[in-house]
file entry_7.txt (compact mmCIF, C-alpha atoms)
# COMPACT_ATOMS: atom_id res chain seq x y z
CA MET B 30 -11.94 -11.62 15.49
CA ASN B 31 -10.52 -15.14 15.42
CA GLU B 32 -13.45 -16.92 17.07
CA SER B 33 -14.61 -18.42 13.77
CA ALA B 34 -11.15 -19.65 12.73
CA GLN B 35 -10.47 -23.32 13.30
CA PRO B 36 -7.02 -24.56 14.44
CA GLY B 37 -6.46 -26.25 11.08
CA GLU B 38 -7.16 -23.01 9.25
CA ILE B 39 -4.78 -21.12 11.51
CA ASP B 40 -2.04 -23.70 10.82
CA GLU B 41 -2.60 -23.17 7.09
CA ILE B 42 -2.45 -19.41 7.51
CA ASP B 43 0.82 -19.72 9.44
CA GLU B 44 2.30 -21.76 6.58
CA ILE B 45 1.12 -19.22 4.00
CA LEU B 46 2.83 -16.37 5.80
CA GLU B 47 6.01 -18.23 6.75
CA THR B 48 8.76 -17.08 4.38
CA GLY B 49 11.46 -19.45 5.49
CA GLU B 50 13.37 -16.94 7.59
CA THR B 51 12.73 -16.13 11.22
CA LEU B 52 12.91 -12.66 12.64
CA GLU B 53 16.11 -13.68 14.37
CA THR B 54 17.90 -15.01 11.27
CA GLY B 55 16.21 -13.27 8.33
CA GLY B 56 17.02 -9.88 6.92
CA PRO B 57 19.47 -7.43 8.49
CA ALA B 58 20.95 -8.21 11.87
CA GLU B 59 19.17 -6.81 14.91
CA PRO B 60 20.86 -3.92 16.71
CA ALA B 61 22.97 -5.07 19.64
CA HIS B 62 20.67 -3.25 22.06
CA GLY B 63 17.50 -4.79 20.61
CA VAL B 64 14.59 -3.29 18.69
CA THR B 65 11.71 -1.06 19.71
CA THR B 66 8.15 -2.11 20.44
CA GLY B 67 6.91 -0.35 17.30
CA ALA B 68 9.36 -2.22 15.06
CA VAL B 69 8.44 -5.59 16.61
CA ALA B 70 4.73 -4.82 16.28
CA ARG B 71 5.07 -4.09 12.56
CA ARG B 72 7.01 -7.29 11.96
CA LEU B 73 4.54 -9.49 13.81
CA GLY B 74 1.39 -7.73 12.62
CA VAL B 75 0.28 -6.97 16.18
CA ALA B 76 -0.72 -3.57 17.56
CA PRO B 77 1.88 -1.98 19.91
CA THR B 78 -0.84 -1.54 22.53
CA THR B 79 -1.37 -5.32 22.47
CA LEU B 80 2.32 -5.94 23.15
CA ARG B 81 2.31 -3.51 26.07
CA SER B 82 -0.83 -5.15 27.44
CA TRP B 83 0.75 -8.61 27.24
CA ASP B 84 3.81 -7.30 29.04
CA ARG B 85 1.75 -5.71 31.80
CA ARG B 86 -0.73 -8.56 32.28
CA TYR B 87 1.22 -11.72 31.49
CA GLY B 88 4.89 -10.82 31.71
CA ILE B 89 5.44 -11.32 27.97
CA GLY B 90 7.92 -8.48 27.61
CA PRO B 91 11.57 -7.69 27.01
CA ALA B 92 14.04 -9.15 29.46
CA ALA B 93 15.93 -5.86 29.65
CA ARG B 94 14.95 -2.22 29.23
CA GLU B 95 17.12 0.63 28.08
CA ASP B 96 17.70 3.03 30.98
CA GLY B 97 15.33 0.80 32.94
CA ARG B 98 12.40 2.30 31.07
CA HIS B 99 12.36 1.89 27.27
CA ARG B 100 11.46 -1.55 25.92
CA ARG B 101 14.14 -3.18 23.75
CA TRP B 102 13.32 -6.60 22.36
CA THR B 103 16.04 -9.21 21.81
CA PRO B 104 15.73 -12.17 19.41
CA GLY B 105 14.80 -14.38 22.37
CA ASP B 106 12.05 -11.97 23.44
CA ILE B 107 10.69 -11.92 19.88
CA ALA B 108 10.64 -15.72 19.75
CA VAL B 109 8.38 -15.75 22.83
CA LEU B 110 6.09 -13.21 21.14
CA GLN B 111 5.88 -15.30 17.99
CA GLU B 112 4.74 -18.30 20.00
CA MET B 113 2.26 -16.14 21.92
CA CYS B 114 0.78 -14.89 18.62
CA ARG B 115 0.51 -18.42 17.24
CA LEU B 116 -1.23 -19.77 20.33
CA THR B 117 -3.72 -16.93 20.74
CA ALA B 118 -4.56 -17.05 17.01
CA SER B 119 -5.44 -20.75 17.40
CA GLY B 120 -7.88 -19.98 20.22
CA VAL B 121 -5.75 -20.52 23.36
CA PRO B 122 -6.69 -18.03 26.12
CA PRO B 123 -4.02 -15.31 26.50
CA ALA B 124 -3.01 -16.24 30.06
CA GLU B 125 -2.54 -19.89 29.15
CA ALA B 126 -0.76 -18.96 25.92
CA ALA B 127 1.64 -16.72 27.86
CA ARG B 128 2.59 -19.53 30.24
CA ALA B 129 3.15 -21.94 27.36
CA ALA B 130 5.16 -19.38 25.35
CA ARG B 131 7.46 -18.64 28.29
CA ALA B 132 7.89 -22.34 29.09
CA GLY B 133 8.61 -23.12 25.46
CA SER B 134 11.30 -20.43 25.24
CA VAL B 135 13.11 -21.93 28.24
CA ALA B 136 12.92 -25.45 26.82
CA ALA B 137 14.15 -24.32 23.41
CA ALA B 138 17.02 -22.20 24.74
CA PRO B 139 19.79 -24.85 24.36
CA ALA B 140 18.92 -25.34 20.69
CA ALA B 141 18.64 -21.65 19.93
CA VAL B 142 22.12 -21.54 18.41
CA SER B 143 21.22 -24.13 15.77
CA PRO B 144 20.23 -22.52 12.46
CA ALA B 145 16.76 -23.19 11.15
CA PRO B 146 16.63 -25.71 8.29
CA ALA B 147 16.70 -24.10 4.90
CA ARG B 148 13.44 -23.96 3.01
CA ARG B 149 13.35 -25.74 -0.33
CA PRO B 150 13.61 -23.22 -3.16
CA GLY B 151 10.40 -23.00 -5.12
CA SER B 152 8.44 -25.02 -2.57
CA GLY B 153 5.40 -22.84 -3.17
CA ASN B 154 4.85 -22.28 0.55
CA GLY B 155 4.43 -18.78 1.89
CA LEU B 156 3.44 -15.43 0.49
CA PRO B 157 6.09 -14.56 -2.12
CA LEU B 158 7.11 -11.27 -0.56
CA GLY B 159 10.71 -11.44 -1.79
CA ASP B 160 13.32 -8.93 -0.68
CA VAL B 161 11.05 -6.26 0.74
CA ARG B 162 10.66 -4.53 4.08
CA GLN B 163 9.99 -6.65 7.14
CA GLU B 164 6.86 -4.54 7.56
CA CYS B 165 5.32 -6.45 4.64
CA ARG B 166 5.34 -9.60 6.72
CA GLY B 167 3.60 -7.89 9.62
CA LEU B 168 0.99 -6.33 7.36
CA GLY B 169 0.45 -9.65 5.58
CA ARG B 170 -0.06 -11.47 8.88
CA ALA B 171 -2.59 -8.89 10.05
CA ALA B 172 -4.44 -9.17 6.73
CA VAL B 173 -4.67 -12.96 6.88
CA ARG B 174 -6.00 -12.71 10.44
CA LEU B 175 -8.57 -10.18 9.16
CA ASP B 176 -7.28 -7.87 11.90
CA SER B 177 -8.68 -4.51 10.82
CA PRO B 178 -7.53 -2.42 13.82
CA THR B 179 -3.93 -3.59 13.44
CA MET B 180 -3.92 -2.93 9.69
CA ASP B 181 -5.22 0.60 10.26
CA GLU B 182 -2.64 1.29 12.93
CA MET B 183 0.22 -0.18 10.94
CA LEU B 184 -0.59 1.66 7.71
CA GLY B 185 -0.95 5.00 9.49
CA SER B 186 2.31 4.45 11.36
CA LEU B 187 4.18 3.43 8.22
CA ILE B 188 3.03 6.49 6.27
CA GLY B 189 3.97 8.71 9.18
CA GLU B 190 7.45 7.16 9.48
CA TYR B 191 8.43 6.50 5.86
CA GLY B 192 6.17 8.84 3.90
CA LEU B 193 3.45 8.06 1.37
CA VAL B 194 5.60 7.17 -1.65
CA THR B 195 7.95 4.81 0.17
CA THR B 196 5.10 3.12 2.03
CA TRP B 197 3.18 2.62 -1.21
CA GLU B 198 6.10 1.34 -3.29
CA GLU B 199 7.90 -0.77 -0.66
CA VAL B 200 5.14 -2.01 1.65
CA MET B 201 1.62 -1.63 0.25
CA VAL B 202 2.28 -2.76 -3.32
CA PRO B 203 4.46 -5.81 -2.48
CA THR B 204 1.97 -7.01 0.13
CA LEU B 205 -1.01 -6.50 -2.17
CA HIS B 206 0.77 -8.36 -4.97
CA ALA B 207 1.73 -11.22 -2.66
CA VAL B 208 -1.82 -11.67 -1.38
CA GLY B 209 -3.16 -11.38 -4.92
CA ARG B 210 -0.80 -14.04 -6.23
CA LYS B 211 -1.73 -16.37 -3.38
CA TRP B 212 -5.41 -15.85 -4.24
CA GLU B 213 -4.79 -16.60 -7.91
CA THR B 214 -2.87 -19.81 -7.19
CA SER B 215 -5.06 -21.28 -4.44
CA GLY B 216 -8.44 -21.78 -6.07
CA ASP B 217 -9.97 -18.46 -5.05
CA GLN B 218 -9.11 -18.90 -1.40
CA TYR B 219 -8.18 -15.79 0.58
CA VAL B 220 -10.43 -13.53 -1.49
CA GLU B 221 -11.64 -11.99 1.75
CA VAL B 222 -8.03 -11.28 2.75
CA GLU B 223 -7.30 -9.44 -0.50
CA HIS B 224 -10.53 -7.44 -0.34
CA LEU B 225 -10.06 -6.41 3.29
CA LEU B 226 -6.42 -5.43 2.76
CA SER B 227 -7.37 -3.38 -0.31
CA TRP B 228 -10.08 -1.61 1.67
CA HIS B 229 -7.67 -0.62 4.44
CA VAL B 230 -5.02 0.52 1.97
CA SER B 231 -7.67 2.66 0.26
CA THR B 232 -8.76 4.07 3.62
CA ALA B 233 -5.18 4.98 4.55
CA LEU B 234 -4.67 6.73 1.20
CA ARG B 235 -7.92 8.65 1.58
CA ARG B 236 -6.83 9.83 5.03
CA VAL B 237 -3.67 11.27 3.50
CA SER B 238 -5.74 13.15 0.91
CA ILE B 239 -8.14 14.52 3.51
CA GLY B 240 -5.34 15.49 5.87
CA ALA B 241 -3.62 17.48 3.12
CA LEU B 242 -6.69 19.60 2.36
CA SER B 243 -5.78 22.11 5.06
CA GLY B 244 -2.42 22.84 3.42
CA PRO B 245 -1.63 25.39 0.70
CA ARG B 246 -3.12 24.73 -2.72
CA ALA B 247 -1.44 25.48 -6.04
CA SER B 248 -3.10 27.70 -8.59
CA ALA B 249 -3.01 25.38 -11.57
CA PRO B 250 -5.40 23.50 -13.86
CA PRO B 251 -6.66 20.26 -12.29
CA ILE B 252 -5.19 16.85 -13.05
CA LEU B 253 -7.74 14.22 -14.08
CA LEU B 254 -7.29 10.63 -12.88
CA ALA B 255 -9.29 7.85 -14.52
CA CYS B 256 -9.23 4.12 -15.15
CA VAL B 257 -9.87 3.17 -18.76
CA PRO B 258 -13.13 1.36 -19.62
CA GLY B 259 -13.18 -2.16 -18.21
CA GLU B 260 -10.46 -1.40 -15.65
CA GLN B 261 -11.44 -1.87 -12.00
CA HIS B 262 -8.06 -1.43 -10.26
CA THR B 263 -8.23 2.01 -8.66
CA LEU B 264 -5.68 1.78 -5.82
CA PRO B 265 -2.72 3.09 -7.89
CA LEU B 266 -4.74 6.17 -8.84
CA GLU B 267 -5.83 6.59 -5.22
CA ALA B 268 -2.17 6.62 -4.22
CA LEU B 269 -1.47 9.19 -6.94
CA ALA B 270 -4.39 11.33 -5.75
CA ALA B 271 -3.00 11.24 -2.21
CA GLY B 272 0.45 12.23 -3.44
CA LEU B 273 -0.97 15.13 -5.45
CA ALA B 274 -2.91 16.29 -2.39
CA GLU B 275 0.33 16.33 -0.38
CA LEU B 276 1.89 18.50 -3.11
CA GLY B 277 -1.10 20.83 -3.02
CA LEU B 278 -1.98 20.10 -6.66
CA PRO B 279 -5.69 20.02 -7.62
CA ALA B 280 -6.94 16.68 -8.92
CA ARG B 281 -10.21 15.09 -9.98
CA MET B 282 -10.47 11.36 -9.28
CA PHE B 283 -13.06 9.60 -11.48
CA GLY B 284 -12.31 6.04 -10.38
CA ALA B 285 -12.90 2.75 -12.14
CA ALA B 286 -14.02 2.03 -15.71
CA VAL B 287 -14.78 5.58 -16.85
CA PRO B 288 -16.83 5.61 -20.10
CA PRO B 289 -15.06 7.37 -22.99
CA GLU B 290 -17.81 9.95 -23.48
CA ALA B 291 -17.79 10.89 -19.79
CA LEU B 292 -14.01 11.31 -19.75
CA VAL B 293 -13.99 13.49 -22.86
CA GLN B 294 -16.72 15.69 -21.38
CA ALA B 295 -14.71 16.04 -18.17
CA VAL B 296 -11.68 17.14 -20.20
CA ARG B 297 -13.68 19.80 -22.02
CA ARG B 298 -15.33 21.07 -18.85
CA THR B 299 -12.20 21.31 -16.69
CA GLY B 300 -9.37 22.11 -19.09
CA PRO B 301 -6.93 19.87 -17.22
CA GLY B 302 -3.20 20.30 -17.02
CA ALA B 303 -2.85 16.54 -17.48
CA VAL B 304 -4.94 13.38 -17.76
CA VAL B 305 -3.69 10.16 -16.18
CA LEU B 306 -5.14 6.95 -17.66
CA TRP B 307 -4.59 3.74 -15.69
CA ALA B 308 -4.56 0.29 -17.32
CA GLN B 309 -3.56 -2.76 -15.29
CA ALA B 310 -3.53 -5.17 -18.24
CA ARG B 311 -2.95 -4.91 -21.97
CA SER B 312 -6.48 -6.17 -22.51
CA THR B 313 -7.87 -2.97 -20.96
CA ALA B 314 -5.38 -0.46 -22.40
CA HIS B 315 -7.57 1.70 -24.66
CA HIS B 316 -5.22 3.23 -27.23
CA ALA B 317 -7.99 4.90 -29.22
CA LEU B 318 -9.28 6.59 -26.09
CA ALA B 319 -5.81 7.86 -25.19
CA ARG B 320 -5.45 9.40 -28.65
CA HIS B 321 -8.93 10.91 -28.45
CA VAL B 322 -8.23 12.50 -25.07
CA ALA B 323 -4.92 13.91 -26.33
CA ASP B 324 -6.67 15.40 -29.38
CA THR B 325 -9.57 16.91 -27.41
CA ALA B 326 -9.38 20.72 -27.51
CA TRP B 327 -11.18 23.43 -25.60
CA GLY B 328 -11.22 27.21 -25.42
CA VAL B 329 -12.15 29.99 -27.81
CA LYS B 330 -11.33 29.89 -31.48
CA GLY B 331 -7.75 30.88 -32.11
CA ALA B 332 -6.69 29.94 -28.56
CA ARG B 333 -7.57 26.27 -28.39
CA ALA B 334 -5.64 24.14 -25.89
CA ARG B 335 -4.94 20.46 -25.40
CA THR B 336 -3.78 18.44 -22.43
CA THR B 337 -0.90 16.06 -21.74
CA VAL B 338 -1.76 12.38 -21.38
CA LEU B 339 0.09 10.15 -18.91
CA LEU B 340 -0.18 6.41 -19.53
CA ALA B 341 0.07 4.73 -16.13
CA GLY B 342 0.13 1.02 -15.38
CA PRO B 343 1.65 -2.12 -16.92
CA GLY B 344 -1.16 -2.39 -19.46
CA TRP B 345 0.45 0.34 -21.57
CA ALA B 346 3.63 -1.66 -22.26
CA GLY B 347 4.84 -1.35 -25.82
CA PRO B 348 4.75 1.61 -28.20
CA ALA B 349 2.77 4.64 -27.05
CA PRO B 350 -0.52 5.26 -28.89
CA ALA B 351 0.76 8.64 -30.10
CA PRO B 352 3.84 10.88 -29.78
CA GLY B 353 4.04 13.18 -26.78
CA MET B 354 2.35 10.89 -24.29
CA LEU B 355 4.27 10.31 -21.06
CA ARG B 356 4.70 6.95 -19.39
CA PRO B 357 5.86 7.20 -15.74
CA GLY B 358 7.55 4.17 -14.22
CA GLY B 359 5.93 4.48 -10.81
CA LEU B 360 4.30 6.75 -8.26
CA ARG B 361 7.41 8.78 -7.52
CA GLU B 362 8.09 9.47 -11.20
CA ALA B 363 4.44 10.28 -11.91
CA LEU B 364 4.35 12.84 -9.09
CA GLY B 365 7.53 14.46 -10.42
CA LEU B 366 6.15 14.71 -13.96
CA LEU B 367 2.82 16.12 -12.83
CA ARG B 368 4.44 18.66 -10.54
CA GLY B 369 6.57 19.85 -13.45
CA LEU B 370 3.55 20.11 -15.76
CA SER B 371 1.57 22.03 -13.15
CA GLU B 372 4.42 24.45 -12.51
CA ALA B 373 4.79 25.05 -16.23
CA ALA B 374 1.05 25.67 -16.60
CA ALA B 375 0.98 28.05 -13.62
CA THR B 376 3.88 30.16 -14.94
CA ALA B 377 2.73 30.23 -18.57
CA PRO B 378 1.14 33.47 -19.86
CA GLY B 379 -2.51 33.39 -18.82
CA GLY B 380 -1.90 30.21 -16.84
CA GLY B 381 -3.11 29.27 -13.38
CA GLY B 382 -6.55 28.72 -12.02
CA ASP B 383 -8.60 25.60 -11.53
CA GLY B 384 -11.21 24.93 -14.16
CA PRO B 385 -13.35 27.07 -16.48
CA GLY B 386 -13.79 30.70 -15.64
CA SER B 387 -10.59 30.96 -13.61
CA GLY B 388 -8.86 33.31 -15.99
CA GLY B 389 -6.81 33.04 -19.18
CA ASP B 390 -7.88 31.89 -22.58
CA GLY B 391 -10.28 29.01 -22.18
CA PRO B 392 -10.89 26.58 -19.35
CA GLY B 393 -8.21 26.45 -16.70
CA GLY B 394 -6.25 29.28 -18.32
CA GLY B 395 -5.43 27.27 -21.43
CA GLY B 396 -3.94 24.13 -19.90
CA THR B 397 -0.62 22.64 -20.94
CA PRO B 398 0.09 21.90 -24.59
CA GLN B 399 0.69 18.27 -25.46
CA ARG B 400 4.32 17.46 -26.11
CA SER B 401 5.31 15.74 -29.32
call {"tool": "encode", "arguments": {"input": "entry_7.txt", "output": "structure tokens"}}
result
Amino acid sequence: MNESAQPGEIDEIDEILETGETLETGGPAEPAHGVTTGAVARRLGVAPTTLRSWDRRYGIGPAAREDGRHRRWTPGDIAVLQEMCRLTASGVPPAEAARAARAGSVAAAPAAVSPAPARRPGSGNGLPLGDVRQECRGLGRAAVRLDSPTMDEMLGSLIGEYGLVTTWEEVMVPTLHAVGRKWETSGDQYVEVEHLLSWHVSTALRRVSIGALSGPRASAPPILLACVPGEQHTLPLEALAAGLAELGLPARMFGAAVPPEALVQAVRRTGPGAVVLWAQARSTAHHALARHVADTAWGVKGARARTTVLLAGPGWAGPAPAPGMLRPGGLREALGLLRGLSEAAATAPGGGGDGPGSGGDGPGGGGTPQRS
């Protein structure tokens, strides 16, 4: 994976990812008994199986084990791992890197009590991750190394441990934003890092959606998810689709840059309980389209229904295009609003079903009236 990376490039990558605080001194204090292999792996952006292999083959492991069995890593152990990661990333063979990392930890031991020099505020060095989970640093390191297996393992582990919403809001989004900002400020460098990270985030979200298909499904009109014309950022809607799948709510994901005519036809054909329109920037926020979707009616004469429009994304900042449109502040709030709308539609007279022909007056049992 790193064969094509030159030492100079690796040094630059290390500087990009360095945030000015070491694992020993940054963030919350380590537990007195050390941290687990999984926690260390996430922080360093290395697969847990790699750490166990290094321990078994090269003796790069914790100095002490809980109950003689469970690995617990101290700050000194982690410092050796950091040096091992740096050396192997620059092309040093693992066995040689292990010897150098262990020797370096012994030589540096007397100075270990000295605090690291403070980083100059606003120096511009490092991914601007800010006050977010340590896992962001590990995921960012794996992304910069173009380490696909580690990113897959980390994202799956994080979702399993923290849940979809927390992982999206506190790990995925901050890391994606940090990589994106570095791309924008470095003359289009690291484009491959941003694209690969986005792909793996999308893959992890899709796995959540697929895994939830075997669960119970609600009897409610579908929720349509679409990016406005000209909008290519689909990941937030993919996260929303995954969250809806976990809730058992039916959804239809139309993806990037949906033409107005196609979206209106989809509304008429499905009778949705809600339509979520994503706009990343004000330049793509299509106010006329939002009003048109909200005004689109379906069903038989005398029992026409309309949907509720949710305006998602920072592009919709400012006054709403029309009264009654909802503007969630994030994934968690959007899921709460949509669950409430779906429950209301399912319990309404003639409600329930998923699409035309499922009962009630008109497609999807009449949908949910737009609020004013």
call {"tool": "residues_around", "arguments": {"input": "entry_7.txt", "residues": "segment 171-185 of chain B", "least_positions_apart": "2", "cutoff": "7 Å", "atoms": "only C-alpha atoms", "output": "list in words"}}
result
Met30, Ile42, Arg71, Gly74, Val75, Ala76, Gly167, Leu168, Gly169, Leu187, Ile188, Gly189, Val222, Leu226, His229 and Ala233 of chain B
call {"tool": "atom_distance", "arguments": {"input": "entry_7.txt", "atom1": "atom CA of Ala323 of chain B", "atom2": "atom CA of Pro289 of chain B"}}
result
12.5 Å
call {"tool": "closest_residue", "arguments": {"input": "entry_7.txt", "among": "B:Ser231, B:Gly277, B:Ala92, B:Gly272", "to": "Arg246 of chain B", "atoms": "only C-alpha atoms"}}
result
B:Gly277
call {"tool": "residues_around", "arguments": {"input": "entry_7.txt", "residues": "segment 308-312 of chain B", "least_positions_apart": "3", "cutoff": "12 Å", "atoms": "only C-alpha atoms", "output": "JSON, numbers by chain"}}
result
{"B": [254, 255, 256, 257, 258, 259, 260, 261, 262, 263, 264, 265, 266, 284, 285, 286, 287, 305, 315, 316, 318, 319, 339, 340, 341, 342, 343, 344, 345, 346, 347, 348, 356]}
call {"tool": "residues_around", "arguments": {"input": "entry_7.txt", "residues": "Arg368 of chain B", "least_positions_apart": "2", "cutoff": "12 Å", "atoms": "all atoms listed in the file", "output": "PyMOL selection string"}}
result
chain B and resi 247-252+269+272-280+302-303+361-366+370-375
call {"tool": "closest_residue", "arguments": {"input": "entry_7.txt", "among": "B:Glu164, B:Ser243, B:Pro104, B:Thr117", "to": "Glu190 of chain B", "atoms": "only C-alpha atoms"}}
result
B:Glu164
call {"tool": "residues_near_point", "arguments": {"input": "entry_7.txt", "point": "(3.5, -5.3, -1.1)", "cutoff": "9 Å", "atoms": "only C-alpha atoms", "output": "PyMOL selection string"}}
result
chain B and resi 158+161-162+165+168-169+197-208
call {"tool": "closest_residue", "arguments": {"input": "entry_7.txt", "among": "B:Thr325, B:Ser186, B:Thr299, B:Thr196", "to": "Gly67 of chain B", "atoms": "all atoms listed in the file"}}
result
B:Ser186
call {"tool": "closest_residue", "arguments": {"input": "entry_7.txt", "among": "B:Leu360, B:Ala68, B:Val237, B:Ala127", "to": "Val194 of chain B", "atoms": "only C-alpha atoms"}}
result
B:Leu360
call {"tool": "atom_distance", "arguments": {"input": "entry_7.txt", "atom1": "atom CA of Glu267 of chain B", "atom2": "atom CA of Gly359 of chain B"}}
result
13.2 Å
call {"tool": "atom_distance", "arguments": {"input": "entry_7.txt", "atom1": "atom CA of Thr337 of chain B", "atom2": "atom CA of Ile239 of chain B"}}
result
26.3 Å
call {"tool": "residues_around", "arguments": {"input": "entry_7.txt", "residues": "Ala326 of chain B", "least_positions_apart": "6", "cutoff": "7 Å", "atoms": "only C-alpha atoms", "output": "list of chain:residue names"}}
result
B:Arg333, B:Ala334, B:Arg335
